[in-house]
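Just protein.json here, JSON, C-alpha atoms (C1' of nucleotides):
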```json
[["chain", "number", "residue", "atom", "x", "y", "z"],
["A", 270, "MET", "CA", 37.26, 99.45, 134.17],
["A", 271, "PRO", "CA", 35.34, 100.27, 131.06],
["A", 272, "GLU", "CA", 33.97, 103.75, 130.73],
["A", 273, "LEU", "CA", 32.44, 105.22, 127.61],
["A", 274, "PRO", "CA", 35.60, 105.22, 125.44],
["A", 275, "GLU", "CA", 36.33, 101.61, 126.33],
["A", 276, "VAL", "CA", 32.79, 100.47, 125.63],
["A", 277, "GLU", "CA", 32.81, 102.36, 122.34],
["A", 278, "THR", "CA", 36.10, 100.69, 121.40],
["A", 279, "VAL", "CA", 34.60, 97.30, 122.20],
["A", 280, "ARG", "CA", 31.49, 98.15, 120.19],
["A", 281, "ARG", "CA", 33.56, 98.96, 117.12],
["A", 282, "GLY", "CA", 35.67, 95.86, 117.45],
["A", 283, "LEU", "CA", 32.70, 93.58, 117.93],
["A", 284, "SER", "CA", 30.76, 95.16, 115.09],
["A", 285, "SER", "CA", 33.38, 94.19, 112.58],
["A", 286, "VAL", "CA", 33.20, 90.51, 113.52],
["A", 287, "VAL", "CA", 29.56, 89.81, 114.36],
["A", 288, "VAL", "CA", 27.35, 92.13, 112.32],
["A", 289, "ALA", "CA", 25.43, 90.12, 109.72],
["A", 290, "ASN", "CA", 26.36, 86.89, 111.49],
["A", 291, "THR", "CA", 23.87, 84.46, 112.98],
["A", 292, "LEU", "CA", 23.91, 83.07, 116.50],
["A", 293, "LYS", "CA", 24.15, 79.31, 116.51],
["A", 294, "GLN", "CA", 24.67, 78.41, 120.13],
["A", 295, "ILE", "CA", 24.61, 80.17, 123.50],
["A", 296, "VAL", "CA", 26.50, 78.73, 126.45],
["A", 297, "VAL", "CA", 25.82, 80.25, 129.87],
["A", 298, "ARG", "CA", 28.08, 78.83, 132.58],
["A", 299, "ASP", "CA", 27.12, 81.24, 135.33],
["A", 300, "ARG", "CA", 23.90, 83.23, 135.32],
["A", 301, "ARG", "CA", 24.86, 85.28, 138.37],
["A", 302, "LEU", "CA", 25.73, 88.68, 136.97],
["A", 303, "ARG", "CA", 24.52, 92.06, 138.28],
["A", 304, "TRP", "CA", 21.11, 90.52, 137.80],
["A", 305, "PRO", "CA", 20.65, 86.85, 136.96],
["A", 306, "ILE", "CA", 20.71, 86.15, 133.23],
["A", 307, "PRO", "CA", 17.06, 85.30, 132.46],
["A", 308, "THR", "CA", 16.27, 81.66, 131.78],
["A", 309, "ASP", "CA", 14.88, 82.49, 128.32],
["A", 310, "PHE", "CA", 18.14, 84.16, 127.33],
["A", 311, "GLU", "CA", 19.49, 81.34, 125.18],
["A", 312, "ASP", "CA", 16.23, 80.67, 123.36],
["A", 313, "SER", "CA", 15.75, 84.34, 122.58],
["A", 314, "LEU", "CA", 19.11, 84.46, 120.80],
["A", 315, "VAL", "CA", 19.61, 81.21, 118.91],
["A", 316, "GLY", "CA", 18.95, 81.67, 115.20],
["A", 317, "GLN", "CA", 19.03, 85.46, 115.42],
["A", 318, "THR", "CA", 21.23, 87.55, 113.16],
["A", 319, "ILE", "CA", 23.03, 90.62, 114.55],
["A", 320, "THR", "CA", 22.10, 93.56, 112.38],
["A", 321, "SER", "CA", 24.13, 96.18, 114.24],
["A", 322, "ILE", "CA", 25.64, 96.99, 117.60],
["A", 323, "ASP", "CA", 24.69, 100.29, 119.19],
["A", 324, "ARG", "CA", 25.90, 101.90, 122.38],
["A", 325, "ARG", "CA", 23.82, 103.86, 124.88],
["A", 326, "SER", "CA", 25.82, 105.17, 127.80],
["A", 327, "LYS", "CA", 28.01, 102.20, 128.73],
["A", 328, "TYR", "CA", 25.50, 99.65, 127.51],
["A", 329, "LEU", "CA", 26.04, 97.61, 124.36],
["A", 330, "LEU", "CA", 22.89, 96.94, 122.34],
["A", 331, "PHE", "CA", 23.16, 94.05, 119.92],
["A", 332, "ARG", "CA", 20.26, 94.46, 117.51],
["A", 333, "LEU", "CA", 18.70, 91.18, 116.45],
["A", 334, "GLY", "CA", 17.24, 90.68, 113.01],
["A", 335, "SER", "CA", 14.03, 88.81, 112.65],
["A", 336, "ASN", "CA", 12.31, 89.34, 115.96],
["A", 337, "ARG", "CA", 13.13, 93.04, 116.48],
["A", 338, "ALA", "CA", 14.71, 92.30, 119.80],
["A", 339, "THR", "CA", 17.89, 93.57, 121.43],
["A", 340, "LEU", "CA", 20.58, 91.94, 123.52],
["A", 341, "LEU", "CA", 21.46, 94.48, 126.20],
["A", 342, "ALA", "CA", 24.86, 93.99, 127.81],
["A", 343, "HIS", "CA", 26.89, 95.95, 130.32],
["A", 344, "LEU", "CA", 30.53, 95.24, 131.14],
["A", 345, "GLY", "CA", 30.30, 96.52, 134.70],
["A", 346, "MET", "CA", 33.74, 97.04, 136.14],
["A", 347, "THR", "CA", 35.60, 94.04, 134.87],
["A", 348, "GLY", "CA", 33.60, 92.54, 132.01],
["A", 349, "SER", "CA", 35.14, 91.79, 128.62],
["A", 350, "PHE", "CA", 33.92, 90.43, 125.30],
["A", 351, "ILE", "CA", 36.69, 88.82, 123.29],
["A", 352, "ALA", "CA", 36.22, 87.39, 119.82],
["A", 353, "TYR", "CA", 37.92, 84.09, 118.94],
["A", 354, "ASN", "CA", 37.65, 81.48, 116.25],
["A", 355, "ALA", "CA", 35.58, 78.70, 117.76],
["A", 356, "ASN", "CA", 38.12, 76.21, 116.40],
["A", 357, "ASP", "CA", 41.13, 77.53, 118.27],
["A", 358, "ALA", "CA", 39.56, 79.23, 121.26],
["A", 359, "PRO", "CA", 41.73, 79.09, 124.39],
["A", 360, "ALA", "CA", 40.92, 76.80, 127.30],
["A", 361, "LEU", "CA", 38.24, 78.07, 129.62],
["A", 362, "LYS", "CA", 39.45, 80.44, 132.30],
["A", 363, "ALA", "CA", 37.88, 81.43, 135.57],
["A", 364, "HIS", "CA", 34.89, 83.75, 135.09],
["A", 365, "ASP", "CA", 34.26, 82.85, 131.45],
["A", 366, "HIS", "CA", 30.52, 83.12, 132.07],
["A", 367, "VAL", "CA", 28.98, 83.25, 128.60],
["A", 368, "ASP", "CA", 29.87, 82.12, 125.06],
["A", 369, "LEU", "CA", 28.03, 83.41, 122.01],
["A", 370, "VAL", "CA", 28.80, 81.08, 119.11],
["A", 371, "PHE", "CA", 28.11, 82.25, 115.57],
["A", 372, "ALA", "CA", 27.39, 80.23, 112.46],
["A", 373, "ASN", "CA", 30.51, 81.55, 110.74],
["A", 374, "GLY", "CA", 32.78, 80.20, 113.46],
["A", 375, "VAL", "CA", 33.19, 83.35, 115.57],
["A", 376, "LEU", "CA", 33.07, 82.79, 119.31],
["A", 377, "LEU", "CA", 32.34, 85.77, 121.56],
["A", 378, "ARG", "CA", 33.38, 85.00, 125.10],
["A", 379, "TYR", "CA", 32.19, 87.10, 128.02],
["A", 380, "ASN", "CA", 34.44, 87.08, 131.08],
["A", 381, "ASP", "CA", 33.65, 89.06, 134.22],
["A", 382, "PRO", "CA", 35.45, 88.35, 137.52],
["A", 383, "ARG", "CA", 33.46, 90.77, 139.64],
["A", 384, "ARG", "CA", 30.15, 90.03, 137.89],
["A", 385, "PHE", "CA", 29.03, 93.66, 137.96],
["A", 386, "GLY", "CA", 28.06, 93.32, 134.32],
["A", 387, "SER", "CA", 24.64, 92.34, 133.04],
["A", 388, "MET", "CA", 23.03, 90.64, 130.08],
["A", 389, "HIS", "CA", 19.45, 90.16, 128.96],
["A", 390, "THR", "CA", 17.30, 90.48, 125.87],
["A", 391, "PHE", "CA", 14.25, 92.67, 125.39],
["A", 392, "ARG", "CA", 11.70, 93.52, 122.74],
["A", 393, "GLY", "CA", 10.37, 96.93, 121.90],
["A", 394, "LEU", "CA", 11.72, 100.43, 122.32],
["A", 395, "ASP", "CA", 14.93, 101.26, 124.17],
["A", 396, "GLY", "CA", 13.09, 103.97, 126.06],
["A", 397, "ASP", "CA", 10.76, 101.40, 127.58],
["A", 398, "GLN", "CA", 13.68, 99.63, 129.20],
["A", 399, "PRO", "CA", 13.97, 100.68, 132.85],
["A", 400, "LEU", "CA", 17.76, 100.59, 132.66],
["A", 401, "LEU", "CA", 17.79, 103.01, 129.73],
["A", 402, "ALA", "CA", 14.76, 105.20, 130.34],
["A", 403, "ALA", "CA", 16.22, 107.66, 132.82],
["A", 404, "LEU", "CA", 19.60, 108.17, 131.17],
["A", 405, "GLY", "CA", 20.76, 111.67, 130.31],
["A", 406, "PRO", "CA", 22.14, 112.75, 126.94],
["A", 407, "GLU", "CA", 25.17, 111.21, 125.28],
["A", 408, "PRO", "CA", 28.19, 113.45, 125.95],
["A", 409, "LEU", "CA", 29.46, 113.31, 122.38],
["A", 410, "THR", "CA", 26.20, 114.52, 120.83],
["A", 411, "ASP", "CA", 24.89, 118.04, 120.34],
["A", 412, "ALA", "CA", 22.23, 117.37, 122.97],
["A", 413, "PHE", "CA", 24.99, 117.78, 125.55],
["A", 414, "HIS", "CA", 25.99, 121.43, 125.58],
["A", 415, "ALA", "CA", 26.88, 124.12, 128.09],
["A", 416, "ALA", "CA", 23.44, 125.72, 128.33],
["A", 417, "TYR", "CA", 21.91, 122.32, 129.01],
["A", 418, "LEU", "CA", 24.35, 121.57, 131.80],
["A", 419, "TYR", "CA", 24.02, 125.07, 133.23],
["A", 420, "GLU", "CA", 20.22, 124.92, 133.32],
["A", 421, "HIS", "CA", 20.12, 121.50, 134.90],
["A", 422, "THR", "CA", 22.50, 122.38, 137.71],
["A", 423, "ARG", "CA", 20.82, 125.54, 139.01],
["A", 424, "ARG", "CA", 19.43, 123.73, 142.05],
["A", 425, "ARG", "CA", 22.33, 121.35, 142.54],
["A", 426, "THR", "CA", 24.32, 122.28, 145.60],
["A", 427, "GLY", "CA", 26.39, 119.11, 145.45],
["A", 428, "SER", "CA", 29.86, 119.03, 143.93],
["A", 429, "ILE", "CA", 30.44, 119.34, 140.21],
["A", 430, "LYS", "CA", 32.38, 116.05, 140.38],
["A", 431, "GLN", "CA", 29.29, 114.18, 141.50],
["A", 432, "ALA", "CA", 27.11, 116.07, 139.05],
["A", 433, "VAL", "CA", 29.08, 115.10, 135.95],
["A", 434, "MET", "CA", 29.09, 111.49, 137.13],
["A", 435, "ASP", "CA", 25.30, 111.49, 137.54],
["A", 436, "ASN", "CA", 23.90, 109.44, 134.67],
["A", 437, "THR", "CA", 20.60, 111.31, 134.69],
["A", 438, "LEU", "CA", 22.50, 114.51, 133.84],
["A", 439, "VAL", "CA", 24.94, 113.14, 131.28],
["A", 440, "VAL", "CA", 25.99, 109.55, 130.66],
["A", 441, "GLY", "CA", 29.34, 107.93, 130.16],
["A", 442, "VAL", "CA", 31.52, 110.14, 132.37],
["A", 443, "GLY", "CA", 32.97, 107.78, 134.95],
["A", 444, "ASN", "CA", 35.48, 108.49, 137.65],
["A", 445, "ILE", "CA", 38.55, 108.58, 135.43],
["A", 446, "TYR", "CA", 37.20, 110.96, 132.83],
["A", 447, "ALA", "CA", 35.45, 113.11, 135.44],
["A", 448, "ASN", "CA", 38.83, 113.65, 137.10],
["A", 449, "GLU", "CA", 40.53, 114.37, 133.81],
["A", 450, "SER", "CA", 37.92, 116.73, 132.39],
["A", 451, "LEU", "CA", 37.68, 118.78, 135.60],
["A", 452, "PHE", "CA", 41.44, 119.21, 135.65],
["A", 453, "ARG", "CA", 41.54, 120.15, 132.00],
["A", 454, "ALA", "CA", 38.74, 122.68, 132.55],
["A", 455, "GLY", "CA", 40.48, 124.14, 135.62],
["A", 456, "ILE", "CA", 37.47, 123.50, 137.85],
["A", 457, "HIS", "CA", 37.84, 122.33, 141.45],
["A", 458, "PRO", "CA", 35.93, 119.05, 141.94],
["A", 459, "ASN", "CA", 34.43, 120.35, 145.19],
["A", 460, "ARG", "CA", 32.83, 123.37, 143.59],
["A", 461, "PRO", "CA", 29.04, 123.30, 143.96],
["A", 462, "ALA", "CA", 27.48, 122.69, 140.56],
["A", 463, "ASN", "CA", 25.17, 125.69, 140.91],
["A", 464, "ARG", "CA", 28.13, 128.00, 141.48],
["A", 465, "ILE", "CA", 29.74, 127.57, 138.09],
["A", 466, "SER", "CA", 29.19, 130.15, 135.37],
["A", 467, "LEU", "CA", 27.92, 129.40, 131.89],
["A", 468, "VAL", "CA", 31.31, 130.36, 130.50],
["A", 469, "ARG", "CA", 33.05, 127.83, 132.71],
["A", 470, "TYR", "CA", 30.48, 125.19, 131.74],
["A", 471, "GLU", "CA", 31.34, 125.84, 128.11],
["A", 472, "ARG", "CA", 34.93, 124.99, 128.92],
["A", 473, "LEU", "CA", 33.94, 121.93, 130.92],
["A", 474, "VAL", "CA", 31.66, 120.56, 128.22],
["A", 475, "ALA", "CA", 34.39, 121.09, 125.63],
["A", 476, "GLU", "CA", 36.91, 119.24, 127.78],
["A", 477, "ILE", "CA", 34.54, 116.34, 128.48],
["A", 478, "LYS", "CA", 33.95, 115.92, 124.77],
["A", 479, "ALA", "CA", 37.65, 116.29, 124.00],
["A", 480, "VAL", "CA", 38.92, 113.84, 126.59],
["A", 481, "LEU", "CA", 36.35, 111.21, 125.61],
["A", 482, "ALA", "CA", 37.12, 111.63, 121.92],
["A", 483, "GLU", "CA", 40.87, 111.42, 122.53],
["A", 484, "ALA", "CA", 40.43, 108.32, 124.64],
["A", 485, "ILE", "CA", 38.35, 106.64, 121.94],
["A", 486, "ALA", "CA", 41.02, 107.51, 119.40],
["A", 487, "ALA", "CA", 43.61, 105.88, 121.68],
["A", 488, "GLY", "CA", 41.53, 102.73, 122.00],
["A", 489, "GLY", "CA", 40.49, 103.49, 125.58],
["A", 490, "SER", "CA", 42.44, 103.24, 128.83],
["A", 491, "THR", "CA", 43.80, 100.08, 130.38],
["A", 492, "LEU", "CA", 44.67, 100.12, 134.05],
["A", 493, "ARG", "CA", 44.21, 96.50, 134.97],
["A", 494, "ASP", "CA", 41.39, 94.64, 133.29],
["A", 495, "TYR", "CA", 40.23, 96.40, 130.19],
["A", 496, "VAL", "CA", 40.89, 94.84, 126.78],
["A", 497, "ASN", "CA", 39.16, 95.38, 123.46],
["A", 498, "ALA", "CA", 37.39, 92.79, 121.32],
["A", 499, "ASN", "CA", 40.77, 91.44, 120.19],
["A", 500, "GLY", "CA", 42.07, 91.13, 123.72],
["A", 501, "GLU", "CA", 44.35, 94.14, 123.34],
["A", 502, "PRO", "CA", 44.76, 96.97, 125.89],
["A", 503, "GLY", "CA", 44.14, 100.67, 125.27],
["A", 504, "ALA", "CA", 46.74, 103.41, 125.52],
["A", 505, "PHE", "CA", 44.98, 106.51, 126.84],
["A", 506, "GLN", "CA", 46.13, 105.93, 130.43],
["A", 507, "LEU", "CA", 49.48, 107.33, 129.28],
["A", 508, "ASN", "CA", 47.79, 110.69, 128.75],
["A", 509, "TYR", "CA", 46.26, 111.11, 132.20],
["A", 510, "PHE", "CA", 46.89, 114.42, 133.88],
["A", 511, "VAL", "CA", 45.58, 113.53, 137.32],
["A", 512, "TYR", "CA", 43.85, 110.15, 137.67],
["A", 513, "GLY", "CA", 45.98, 107.80, 139.75],
["A", 514, "ARG", "CA", 48.73, 110.42, 140.06],
["A", 515, "ASP", "CA", 48.13, 111.74, 143.60],
["A", 516, "GLY", "CA", 51.41, 112.70, 145.25],
["A", 517, "GLU", "CA", 53.02, 113.24, 141.84],
["A", 518, "PHE", "CA", 53.68, 116.58, 140.17],
["A", 519, "CYS", "CA", 51.04, 118.49, 138.21],
["A", 520, "LYS", "CA", 51.94, 118.47, 134.54],
["A", 521, "HIS", "CA", 51.01, 122.16, 134.30],
["A", 522, "CYS", "CA", 52.33, 123.88, 137.41],
["A", 523, "SER", "CA", 54.52, 121.20, 139.05],
["A", 524, "GLY", "CA", 52.54, 121.42, 142.29],
["A", 525, "VAL", "CA", 51.81, 118.18, 144.12],
["A", 526, "LEU", "CA", 48.51, 116.53, 143.15],
["A", 527, "LYS", "CA", 46.07, 115.98, 146.01],
["A", 528, "LEU", "CA", 43.80, 113.04, 146.76],
["A", 529, "MET", "CA", 40.26, 113.44, 148.07],
["A", 530, "ARG", "CA", 36.98, 111.56, 147.88],
["A", 531, "HIS", "CA", 33.55, 112.20, 146.45],
["A", 532, "GLY", "CA", 30.89, 109.63, 147.26],
["A", 533, "GLY", "CA", 33.55, 107.10, 148.12],
["A", 534, "ARG", "CA", 35.34, 107.61, 144.79],
["A", 535, "ALA", "CA", 38.92, 108.76, 144.55],
["A", 536, "THR", "CA", 39.39, 112.28, 143.21],
["A", 537, "VAL", "CA", 42.80, 113.61, 142.25],
["A", 538, "LEU", "CA", 43.28, 117.30, 141.63],
["A", 539, "CYS", "CA", 45.72, 120.16, 141.49],
["A", 540, "ALA", "CA", 44.60, 122.71, 144.05],
["A", 541, "ARG", "CA", 46.55, 125.42, 142.24],
["A", 542, "CYS", "CA", 45.22, 124.79, 138.72],
["A", 543, "GLN", "CA", 41.65, 123.99, 139.73],
["A", 544, "ARG", "CA", 39.40, 126.58, 141.36],
["B", 289, "DA", "C1'", 14.32, 117.24, 142.29],
["B", 290, "DT", "C1'", 18.40, 116.41, 144.81],
["B", 291, "DA", "C1'", 21.61, 114.05, 147.94],
["B", 292, "DT", "C1'", 23.63, 110.26, 150.42],
["B", 293, "DG", "C1'", 24.90, 105.64, 151.54],
["B", 294, "DA", "C1'", 24.51, 100.52, 151.16],
["B", 295, "DG", "C1'", 25.34, 96.72, 148.53],
["B", 296, "DC", "C1'", 26.74, 93.94, 144.67],
["B", 297, "DC", "C1'", 31.65, 91.25, 143.69],
["B", 298, "DT", "C1'", 36.77, 89.34, 143.33],
["B", 299, "DG", "C1'", 41.63, 90.32, 142.53],
["B", 300, "DT", "C1'", 45.36, 92.92, 144.14],
["B", 301, "DA", "C1'", 48.02, 95.52, 147.28],
["B", 302, "DT", "C1'", 49.09, 96.63, 151.80],
["B", 303, "DG", "C1'", 50.07, 96.01, 156.84],
["B", 304, "DC", "C1'", 51.02, 93.13, 160.77],
["C", 280, "DT", "C1'", 54.80, 83.08, 155.03],
["C", 281, "DG", "C1'", 50.08, 83.71, 156.22],
["C", 282, "DC", "C1'", 46.06, 86.33, 157.35],
["C", 283, "DA", "C1'", 43.18, 90.34, 157.64],
["C", 284, "DT", "C1'", 41.89, 94.47, 155.67],
["C", 285, "DA", "C1'", 41.25, 98.18, 152.35],
["C", 286, "DC", "C1'", 40.53, 99.40, 147.88],
["C", 287, "DA", "C1'", 39.11, 99.47, 143.05],
["C", 288, "DG", "C1'", 34.21, 101.67, 141.37],
["C", 289, "DG", "C1'", 29.54, 101.52, 137.76],
["C", 290, "DC", "C1'", 25.25, 101.02, 138.88],
["C", 291, "DT", "C1'", 20.64, 100.52, 141.21],
["C", 292, "DC", "C1'", 18.02, 100.95, 145.02],
["C", 293, "DA", "C1'", 16.37, 102.73, 149.40],
["C", 294, "DT", "C1'", 15.96, 106.53, 152.20],
["C", 295, "DA", "C1'", 15.78, 111.37, 153.51]]
```
Write the structure described by the file as structure tokens, please.
Amino acid sequence: MPELPEVETVRRGLSSVVVANTLKQIVVRDRRLRWPIPTDFEDSLVGQTITSIDRRSKYLLFRLGSNRATLLAHLGMTGSFIAYNANDAPALKAHDHVDLVFANGVLLRYNDPRRFGSMHTFRGLDGDQPLLAALGPEPLTDAFHAAYLYEHTRRRTGSIKQAVMDNTLVVGVGNIYANESLFRAGIHPNRPANRISLVRYERLVAEIKAVLAEAIAAGGSTLRDYVNANGEPGAFQLNYFVYGRDGEFCKHCSGVLKLMRHGGRATVLCARCQR
DNA sequence: ATATGAGCCTGTATGC
DNA sequence: TGCATACAGGCTCATA
């Protein structure tokens, strides 16, 4: 399940193979993603050159050369982009929904069993895109800092776990990294967001940045589906303190890790280390 | 502004 | 062995 580190790893891998290359052919086998792939999708891409790939939250933004447009893609829960040589690409598998074929022989294949991902092109500013307009700051930039988080949680009585996963507050912190950063910061996931001091927010922000940066450095986490642009898994799952470890021992105090739920999402915590 | 829950979707794991 | 069920959970949308 790609979160920010996984999407960033994909972005880097894809950039090295498609930037400065021109799209020759688009094959859409199934338009039914999170939203249907628009019928003008293929025409808006053929002949376009990728100038760069950016990331905003967990969205990939393929910048197109001549018409100042952008291909906006989201991997959802189970989406993957894998780069092949068009000559020796493997046989089609289930859920290979889209192929992007480049003039230099690169084939980008999008596979997404659960079809929670999305893909469409747009022209104009990112901020005019409804999917991007309301997003909070990027966690790895200076715009995301303790005072910001403190100020924007003064009226939030809901749990800190749900707050850090709210994309209007900060983007890119999914369930896994929310669990990990709260453990690392020693904050109980149930704690109301407006009952956390600025000092503790400084710790939390530092841990969110650290865990995301470490995960990117490890090539992301692979639990089941995630692979990078070369089809390879990440390694950060080996460094989890709490996620998926309920019933096991806390790596700090050896207490037994507890399972609870926030908004239907699994939360794992150490009740002794997190207050 | 904040909070909650439904719904999207299929593969995998579990229980009977 | 089959079948039913729960779960995984990022995201948007509707509702309060």
### All residues 9 Å or closer to Leu283 (chain A), only C-alpha atoms (C1' of nucleotides), same chain fewer than 3 positions away omitted, as a ChimeraX atom specification
/A:278-280,286-288,322,350-352,377,497-499
### Query
What is the CA of Arg337 (chain A)-CA of Gly393 (chain A) distance in Å, reported with one decimal?
7.2 Å
### Query
Between A:Asp435, A:Asp357, A:Glu449, A:Asp381, which has the minimum distance to chain C (counting all atoms listed in the file)?
A:Asp435
Mind listing as a compact mmCIF listing (two decimals) with C-alpha atoms (C1' of nucleotides), in the frame of the given file which residues of chain B are within 10 Å of chain A, counting only C-alpha atoms (C1' of nucleotides)?
```
# COMPACT_ATOMS: atom_id res chain seq x y z
C1' DA B 289 14.32 117.24 142.29
C1' DT B 290 18.40 116.41 144.81
C1' DA B 291 21.61 114.05 147.94
C1' DT B 292 23.63 110.26 150.42
C1' DG B 293 24.90 105.64 151.54
C1' DC B 296 26.74 93.94 144.67
C1' DC B 297 31.65 91.25 143.69
C1' DT B 298 36.77 89.34 143.33
C1' DG B 299 41.63 90.32 142.53
C1' DT B 300 45.36 92.92 144.14
```
Once you count all atoms listed in the file, what closest atom pair and distance in Å to one decimal does each residue of chain C within 9 Å of chain A have, with rows by chain and rising residue number, as JSON lines?
```
{"residue": "C:DG288", "atom": "C1'", "partner": "A:Arg534", "partner_atom": "CA", "distance": 6.9}
{"residue": "C:DG289", "atom": "C1'", "partner": "A:Gly345", "partner_atom": "CA", "distance": 5.9}
{"residue": "C:DC290", "atom": "C1'", "partner": "A:Gly345", "partner_atom": "CA", "distance": 8.0}
```
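In this structure, CA of Ala415 (chain A) sits 11.2 Å away from CA of Glu476 (chain A).
The gap separating CA of Leu438 (chain A) from CA of Pro461 (chain A) is 14.9 Å, in Å to one decimal.
Between Asp323 (chain A) and the residues A:Asn356, A:Ser349, A:Ser523, A:Ser284, the shortest atom-to-atom distance, using all atoms listed in the file, involves A:Ser284.
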